[in-house]
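Structure data (compact mmCIF, C-alpha atoms) from start27.txt:
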```txt
# COMPACT_ATOMS: atom_id res chain seq x y z
CA MET A 1 -4.00 -8.28 22.10
CA GLU A 2 -0.49 -7.20 22.89
CA ARG A 3 1.49 -4.96 20.66
CA THR A 4 5.22 -5.22 20.14
CA GLU A 5 7.36 -3.21 22.52
CA ASP A 6 9.41 -1.22 20.01
CA THR A 7 7.07 0.98 18.04
CA LYS A 8 9.89 2.48 15.98
CA LYS A 9 10.72 -0.84 14.31
CA GLY A 10 7.14 -1.87 13.51
CA PRO A 11 4.86 -0.21 10.98
CA THR A 12 2.16 2.19 11.92
CA ASN A 13 -1.28 0.68 12.03
CA PRO A 14 -3.78 3.32 10.94
CA THR A 15 -6.68 1.06 11.91
CA SER A 16 -5.87 0.85 15.61
CA GLY A 17 -7.63 4.08 16.48
CA ALA A 18 -4.80 5.03 18.83
CA PRO A 19 -3.22 8.42 18.28
CA GLY A 20 0.22 8.34 16.69
CA PRO A 21 2.18 5.39 15.35
CA THR A 22 1.67 1.95 16.85
CA ALA A 23 3.42 -1.34 16.19
CA ARG A 24 1.97 -4.24 14.21
CA LEU A 25 -0.25 -6.63 16.13
CA ASP A 26 1.66 -9.54 17.69
CA ILE A 27 -0.95 -12.03 16.51
CA PHE A 28 0.14 -11.46 12.91
CA GLY A 29 3.70 -12.48 13.72
CA PRO A 30 6.76 -11.14 11.97
CA PRO A 31 6.62 -10.18 8.31
CA PRO A 32 7.50 -12.96 5.84
CA LEU A 33 10.88 -11.54 4.87
CA ILE A 34 13.83 -13.42 3.48
CA GLU A 35 17.25 -12.46 4.78
CA GLY A 36 18.40 -9.35 2.97
CA GLU A 37 14.92 -8.02 2.24
CA ASP A 38 14.11 -4.53 3.42
CA ALA A 39 11.86 -4.63 6.50
CA ALA A 40 11.26 -0.88 6.25
CA ALA A 41 9.99 -1.31 2.67
CA TYR A 42 7.62 -4.08 3.84
CA ASP A 43 6.40 -1.85 6.67
CA GLU A 44 5.86 1.04 4.24
CA LEU A 45 3.82 -1.25 1.99
CA LEU A 46 1.73 -2.33 5.01
CA VAL A 47 1.10 1.27 6.03
CA ARG A 48 0.19 2.40 2.52
CA ILE A 49 -2.17 -0.50 1.82
CA SER A 50 -3.76 -0.06 5.27
CA ALA A 51 -4.26 3.63 4.53
CA ALA A 52 -5.85 2.83 1.16
CA VAL A 53 -8.16 0.06 2.42
CA LYS A 54 -8.90 1.65 5.83
CA PRO A 55 -9.79 -1.63 7.56
CA ALA A 56 -12.77 -1.27 9.88
CA ASP A 57 -12.32 -4.34 12.11
CA ILE A 58 -10.01 -7.24 12.92
CA LEU A 59 -11.22 -9.26 9.91
CA GLU A 60 -10.23 -6.46 7.58
CA ASP A 61 -6.91 -6.08 9.46
CA ILE A 62 -6.24 -9.77 8.77
CA TRP A 63 -7.19 -9.40 5.10
CA VAL A 64 -4.95 -6.34 4.75
CA ARG A 65 -2.02 -8.33 6.17
CA GLU A 66 -2.79 -11.13 3.67
CA ILE A 67 -2.89 -8.62 0.81
CA VAL A 68 0.44 -7.10 1.88
CA ASP A 69 2.04 -10.54 2.14
CA LEU A 70 0.74 -11.52 -1.31
CA VAL A 71 1.89 -8.26 -2.90
CA TRP A 72 5.29 -8.62 -1.23
CA SER A 73 5.53 -12.18 -2.49
CA ALA A 74 4.70 -11.09 -6.04
CA PHE A 75 7.40 -8.40 -5.86
CA ARG A 76 9.88 -11.01 -4.60
CA LEU A 77 8.98 -13.41 -7.42
CA ARG A 78 9.51 -10.67 -9.99
CA ARG A 79 12.98 -10.06 -8.54
CA PHE A 80 13.70 -13.83 -8.67
CA LYS A 81 12.60 -13.92 -12.30
CA THR A 82 15.28 -11.43 -13.32
CA SER A 83 18.04 -12.77 -11.04
CA PRO A 84 19.65 -15.20 -13.52
CA ILE A 85 19.91 -12.45 -16.14
CA ASN A 86 21.35 -10.01 -13.60
CA TRP A 87 23.95 -12.57 -12.49
CA VAL A 88 25.05 -13.09 -16.10
CA ASN A 89 25.18 -9.32 -16.61
CA ASP A 90 27.40 -8.96 -13.54
CA ILE A 91 29.73 -11.74 -14.66
CA LEU A 92 30.01 -10.38 -18.18
CA ALA A 93 30.50 -6.80 -17.00
CA SER A 94 33.37 -7.92 -14.78
CA ALA A 95 34.94 -9.59 -17.85
CA GLY A 96 34.35 -6.51 -20.01
CA ARG A 97 31.83 -8.27 -22.26
CA THR A 98 28.33 -7.37 -23.48
CA THR A 99 25.21 -9.32 -22.66
CA ASN A 100 23.13 -9.49 -25.84
CA GLY A 101 23.56 -13.12 -26.90
CA ILE A 102 24.15 -14.55 -23.47
CA VAL A 103 21.08 -12.94 -21.96
CA VAL A 104 18.92 -14.56 -24.64
CA ARG A 105 20.62 -17.92 -23.98
CA THR A 106 20.21 -17.56 -20.20
CA LEU A 107 16.54 -16.72 -20.61
CA SER A 108 15.94 -19.70 -22.91
CA VAL A 109 17.70 -22.08 -20.50
CA ASN A 110 15.65 -20.74 -17.59
CA LEU A 111 12.37 -20.32 -19.47
CA ASP A 112 10.62 -23.07 -17.48
CA HIS A 113 11.63 -21.36 -14.23
CA VAL A 114 10.51 -17.97 -15.50
CA GLU A 115 7.19 -19.44 -16.61
CA ARG A 116 6.63 -21.09 -13.21
CA ILE A 117 7.43 -17.83 -11.48
CA GLU A 118 4.92 -16.04 -13.75
CA HIS A 119 2.25 -18.57 -12.72
CA MET A 120 3.11 -18.04 -9.05
CA ILE A 121 2.82 -14.27 -9.50
CA ALA A 122 -0.54 -14.64 -11.25
CA PHE A 123 -1.77 -16.92 -8.44
CA ALA A 124 -0.69 -14.42 -5.77
CA GLU A 125 -2.43 -11.61 -7.65
CA THR A 126 -5.61 -13.71 -7.99
CA ARG A 127 -5.60 -14.41 -4.25
CA ARG A 128 -5.09 -10.68 -3.57
CA ASN A 129 -8.08 -9.83 -5.78
CA VAL A 130 -10.25 -12.43 -4.01
CA ILE A 131 -9.39 -10.88 -0.65
CA LEU A 132 -10.24 -7.40 -1.93
CA ARG A 133 -13.63 -8.69 -3.12
CA GLU A 134 -14.14 -10.33 0.28
CA ILE A 135 -13.50 -6.99 2.00
CA ASP A 136 -16.11 -5.37 -0.29
CA ARG A 137 -18.61 -8.16 0.49
CA HIS A 138 -17.91 -7.87 4.22
CA ARG A 139 -18.45 -4.11 4.15
CA LYS A 140 -21.68 -4.49 2.17
CA THR A 141 -22.96 -7.00 4.73
CA LEU A 142 -22.11 -4.63 7.57
CA ALA A 143 -23.81 -1.73 5.78
CA ASP A 144 -26.92 -3.79 4.98
CA ALA A 145 -27.53 -4.84 8.61
CA PRO A 146 -28.80 -1.42 9.85
CA ARG A 147 -30.87 -1.02 6.68
CA GLN A 148 -32.53 -4.41 7.22
CA ALA A 149 -33.18 -3.59 10.87
CA ALA A 150 -34.89 -0.32 9.85
CA HIS A 151 -37.05 -2.14 7.29
CA GLN A 152 -38.02 -4.71 9.92
CA LEU A 153 -38.99 -1.95 12.37
CA GLU A 154 -41.09 -0.28 9.67
CA HIS A 155 -42.76 -3.61 8.87
CA ASP A 156 -43.46 -4.24 12.57
CA GLU A 157 -45.02 -0.76 12.93
CA ILE A 158 -47.27 -1.34 9.92
CA GLN A 159 -48.31 -4.69 11.41
CA VAL A 160 -49.16 -3.03 14.74
CA ILE A 161 -51.23 -0.35 12.99
CA ASP A 162 -53.08 -3.00 10.94
CA ASP A 163 -53.75 -5.05 14.10
CA THR A 164 -55.07 -1.92 15.86
CA LYS A 165 -57.39 -1.16 12.94
CA SER A 166 -58.67 -4.75 12.97
CA ALA A 167 -59.42 -4.58 16.70
CA GLU A 168 -61.26 -1.25 16.28
CA GLU A 169 -63.32 -2.68 13.42
CA LYS A 170 -64.34 -5.66 15.59
CA ASN A 171 -65.36 -3.35 18.44
CA THR A 172 -67.54 -1.18 16.21
CA ALA A 173 -69.27 -4.16 14.62
```

As C-alpha cells:
Amino acid sequence: MERTEDTKKGPTNPTSGAPGPTARLDIFGPPPLIEGEDAAAYDELLVRISAAVKPADILEDIWVREIVDLVWSAFRLRRFKTSPINWVNDILASAGRTTNGIVVRTLSVNLDHVERIEHMIAFAETRRNVILREIDRHRKTLADAPRQAAHQLEHDEIQVIDDTKSAEEKNTA
C-alpha cells in the first residue's frame, strides 16, 4: 500500500503504527469534499474519529473512513437544510429588512426539501451506527478466537488424560 507523497496535506493516521504523522492511505482515495468545503476540517474529523475508535486492522480502517464520510455527509446535509433561510437572511439584510415572516414562508415553501434532507441525515446516522456495531462485533470475534483456542487445548488435554487412564485400566485388568 502506497501512501500519498505530501504528508502535510493528508491527515495523520493513528492506526498505521508508524511514528509521527502519516498521510491517508491511497486506497481510500480523496475525501468526498465538495468545492469550497474545508479539507483540513475533514482531516481533523478523520484524525479524531480514528483516535476515538483506535482501529486495529485494515477492516477497521475502512470502517472508520466510512464513518467519517457518513458524519461529514450528515454535517453537509445540515448545512444544506439551512441554506435557503440563510440566503433569504442575506438578501433581506442587504435591503435593511427583518426576516421573521419571510423565514417562515421560505421554510414552508421548502418544507419538502427540508424533510428529505432530514431523512437523508437519519439514514447516514443509521449507517454510521451499523458500522460502529460491526466494529464491536469484529473486535469480539477477534477477542473470542484465543479464548476458544485455549478451551480447545484444555479439552484436548482432558481427552488425552482420559485416554491414558483407559489404557492403564485395560493393562491392569

Pairwise distance for atom CA of Lys140 of chain A and atom CA of Ile27 of chain A, rounded to one decimal in Å: 26.3 Å

Option closest in space to His113 of chain A, from A:Leu77, A:Asp38, A:Arg147, A:Arg127 [counting all atoms listed in the file]: A:Leu77

Ser83 of chain A surroundings by only C-alpha atoms, 12 Å radius, close-in-sequence under 4 positions cut, as a list in words: Arg76, Leu77, Arg78, Arg79, Trp87, Val88, Asn89, Asp90, Val103, Thr106, Leu107, Asn110, His113, Val114 and Ile117 of chain A

Those same residues - C-alpha atoms - I'd like them written as a PDB file, in the coordinates of the input.
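File produced: part-v2.pdb:
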```
ATOM      1  CA  ARG A  76       9.880 -11.010  -4.600  1.00  0.00           C
ATOM      2  CA  LEU A  77       8.980 -13.410  -7.420  1.00  0.00           C
ATOM      3  CA  ARG A  78       9.510 -10.670  -9.990  1.00  0.00           C
ATOM      4  CA  ARG A  79      12.980 -10.060  -8.540  1.00  0.00           C
ATOM      5  CA  TRP A  87      23.950 -12.570 -12.490  1.00  0.00           C
ATOM      6  CA  VAL A  88      25.050 -13.090 -16.100  1.00  0.00           C
ATOM      7  CA  ASN A  89      25.180  -9.320 -16.610  1.00  0.00           C
ATOM      8  CA  ASP A  90      27.400  -8.960 -13.540  1.00  0.00           C
ATOM      9  CA  VAL A 103      21.080 -12.940 -21.960  1.00  0.00           C
ATOM     10  CA  THR A 106      20.210 -17.560 -20.200  1.00  0.00           C
ATOM     11  CA  LEU A 107      16.540 -16.720 -20.610  1.00  0.00           C
ATOM     12  CA  ASN A 110      15.650 -20.740 -17.590  1.00  0.00           C
ATOM     13  CA  HIS A 113      11.630 -21.360 -14.230  1.00  0.00           C
ATOM     14  CA  VAL A 114      10.510 -17.970 -15.500  1.00  0.00           C
ATOM     15  CA  ILE A 117       7.430 -17.830 -11.480  1.00  0.00           C
TER      16      ILE A 117
END
```

All residues 12 Å or closer to Ile102 of chain A, only C-alpha atoms, same chain fewer than 2 positions away omitted, as a ChimeraX atom specification: /A:84-93,97-100,104-109

Atom CA of Glu37 of chain A to atom CA of Glu118 of chain A, straight-line distance in Å: 20.5 Å

Pairwise distance for atom CA of Asp136 of chain A and atom CA of His119 of chain A, rounded to one decimal in Å: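 According to the coordinates, atom CA of Asp136 of chain A and atom CA of His119 of chain A are separated by 25.8 Å.
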
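Counting all atoms listed in the file, Ala124 of chain A has the following residues at most 10 Å away, ignoring those fewer than 6 positions along the same chain: Ile67, Asp69, Leu70, Val71, Trp72, Ser73, Ala74, Leu77, Glu118 and Val130 of chain A.
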
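Nearest residue to Ala52 of chain A among A:Ile121, A:Ala95, A:Ala39, A:Leu132 is A:Leu132, counting only C-alpha atoms.
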
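Ranking A:Leu59, A:Arg65, A:Thr141, A:Leu45 by their shortest atom-to-atom distance to Gly29 of chain A, with all atoms listed in the file included, puts A:Arg65 first.
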
Could I get segment 134-156 of chain A from the block written as an mmCIF file, in the first residue's frame, with N, CA, C and O atoms?
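This is the output file selection-v6.cif:
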```cif
data_model
loop_
_atom_site.group_PDB
_atom_site.id
_atom_site.type_symbol
_atom_site.label_atom_id
_atom_site.label_comp_id
_atom_site.auth_asym_id
_atom_site.auth_seq_id
_atom_site.Cartn_x
_atom_site.Cartn_y
_atom_site.Cartn_z
ATOM 1 N N GLU A 134 -20.701 -3.078 13.815
ATOM 2 C CA GLU A 134 -19.888 -4.058 13.099
ATOM 3 C C GLU A 134 -18.458 -4.072 13.652
ATOM 4 O O GLU A 134 -17.847 -5.127 13.784
ATOM 5 N N ILE A 135 -17.924 -2.910 13.971
ATOM 6 C CA ILE A 135 -16.591 -2.847 14.592
ATOM 7 C C ILE A 135 -16.607 -3.595 15.922
ATOM 8 O O ILE A 135 -15.702 -4.385 16.217
ATOM 9 N N ASP A 136 -17.642 -3.360 16.740
ATOM 10 C CA ASP A 136 -17.755 -4.076 18.022
ATOM 11 C C ASP A 136 -17.811 -5.587 17.800
ATOM 12 O O ASP A 136 -17.145 -6.351 18.496
ATOM 13 N N ARG A 137 -18.619 -6.033 16.835
ATOM 14 C CA ARG A 137 -18.750 -7.462 16.544
ATOM 15 C C ARG A 137 -17.422 -8.039 16.068
ATOM 16 O O ARG A 137 -16.994 -9.101 16.506
ATOM 17 N N HIS A 138 -16.734 -7.293 15.207
ATOM 18 C CA HIS A 138 -15.434 -7.725 14.688
ATOM 19 C C HIS A 138 -14.425 -7.879 15.828
ATOM 20 O O HIS A 138 -13.712 -8.881 15.906
ATOM 21 N N ARG A 139 -14.403 -6.920 16.723
ATOM 22 C CA ARG A 139 -13.466 -6.977 17.845
ATOM 23 C C ARG A 139 -13.799 -8.132 18.778
ATOM 24 O O ARG A 139 -12.913 -8.792 19.297
ATOM 25 N N LYS A 140 -15.080 -8.390 18.995
ATOM 26 C CA LYS A 140 -15.488 -9.503 19.852
ATOM 27 C C LYS A 140 -15.046 -10.821 19.230
ATOM 28 O O LYS A 140 -14.530 -11.699 19.916
ATOM 29 N N THR A 141 -15.213 -10.948 17.919
ATOM 30 C CA THR A 141 -14.790 -12.161 17.222
ATOM 31 C C THR A 141 -13.283 -12.354 17.359
ATOM 32 O O THR A 141 -12.816 -13.465 17.625
ATOM 33 N N LEU A 142 -12.525 -11.274 17.193
ATOM 34 C CA LEU A 142 -11.072 -11.378 17.334
ATOM 35 C C LEU A 142 -10.680 -11.743 18.758
ATOM 36 O O LEU A 142 -9.759 -12.520 18.976
ATOM 37 N N ALA A 143 -11.382 -11.198 19.741
ATOM 38 C CA ALA A 143 -11.069 -11.496 21.143
ATOM 39 C C ALA A 143 -11.478 -12.912 21.520
ATOM 40 O O ALA A 143 -10.835 -13.546 22.355
ATOM 41 N N ASP A 144 -12.536 -13.439 20.910
ATOM 42 C CA ASP A 144 -13.021 -14.782 21.233
ATOM 43 C C ASP A 144 -12.119 -15.882 20.664
ATOM 44 O O ASP A 144 -12.065 -16.982 21.222
ATOM 45 N N ALA A 145 -11.407 -15.612 19.582
ATOM 46 C CA ALA A 145 -10.589 -16.643 18.936
ATOM 47 C C ALA A 145 -9.540 -17.229 19.885
ATOM 48 O O ALA A 145 -9.446 -18.454 20.007
ATOM 49 N N PRO A 146 -8.725 -16.419 20.583
ATOM 50 C CA PRO A 146 -7.752 -17.014 21.513
ATOM 51 C C PRO A 146 -8.431 -17.780 22.653
ATOM 52 O O PRO A 146 -7.943 -18.822 23.086
ATOM 53 N N ARG A 147 -9.560 -17.256 23.129
ATOM 54 C CA ARG A 147 -10.287 -17.919 24.207
ATOM 55 C C ARG A 147 -10.761 -19.295 23.751
ATOM 56 O O ARG A 147 -10.646 -20.289 24.476
ATOM 57 N N GLN A 148 -11.300 -19.383 22.551
ATOM 58 C CA GLN A 148 -11.772 -20.664 22.022
ATOM 59 C C GLN A 148 -10.605 -21.634 21.821
ATOM 60 O O GLN A 148 -10.739 -22.831 22.093
ATOM 61 N N ALA A 149 -9.480 -21.112 21.370
ATOM 62 C CA ALA A 149 -8.303 -21.966 21.184
ATOM 63 C C ALA A 149 -7.844 -22.529 22.529
ATOM 64 O O ALA A 149 -7.488 -23.718 22.626
ATOM 65 N N ALA A 150 -7.862 -21.705 23.570
ATOM 66 C CA ALA A 150 -7.461 -22.175 24.904
ATOM 67 C C ALA A 150 -8.422 -23.243 25.411
ATOM 68 O O ALA A 150 -7.993 -24.267 25.963
ATOM 69 N N HIS A 151 -9.710 -23.036 25.215
ATOM 70 C CA HIS A 151 -10.696 -24.046 25.627
ATOM 71 C C HIS A 151 -10.491 -25.352 24.866
ATOM 72 O O HIS A 151 -10.599 -26.441 25.445
ATOM 73 N N GLN A 152 -10.179 -25.257 23.584
ATOM 74 C CA GLN A 152 -9.954 -26.464 22.784
ATOM 75 C C GLN A 152 -8.721 -27.205 23.290
ATOM 76 O O GLN A 152 -8.737 -28.440 23.400
ATOM 77 N N LEU A 153 -7.657 -26.465 23.608
ATOM 78 C CA LEU A 153 -6.448 -27.105 24.152
ATOM 79 C C LEU A 153 -6.747 -27.804 25.476
ATOM 80 O O LEU A 153 -6.302 -28.926 25.711
ATOM 81 N N GLU A 154 -7.519 -27.127 26.334
ATOM 82 C CA GLU A 154 -7.893 -27.748 27.611
ATOM 83 C C GLU A 154 -8.704 -29.016 27.376
ATOM 84 O O GLU A 154 -8.482 -30.040 28.023
ATOM 85 N N HIS A 155 -9.634 -28.966 26.446
ATOM 86 C CA HIS A 155 -10.466 -30.127 26.124
ATOM 87 C C HIS A 155 -9.593 -31.273 25.585
ATOM 88 O O HIS A 155 -9.767 -32.440 25.972
ATOM 89 N N ASP A 156 -8.646 -30.934 24.714
ATOM 90 C CA ASP A 156 -7.747 -31.956 24.156
ATOM 91 C C ASP A 156 -6.909 -32.591 25.254
ATOM 92 O O ASP A 156 -6.694 -33.804 25.249
#
```
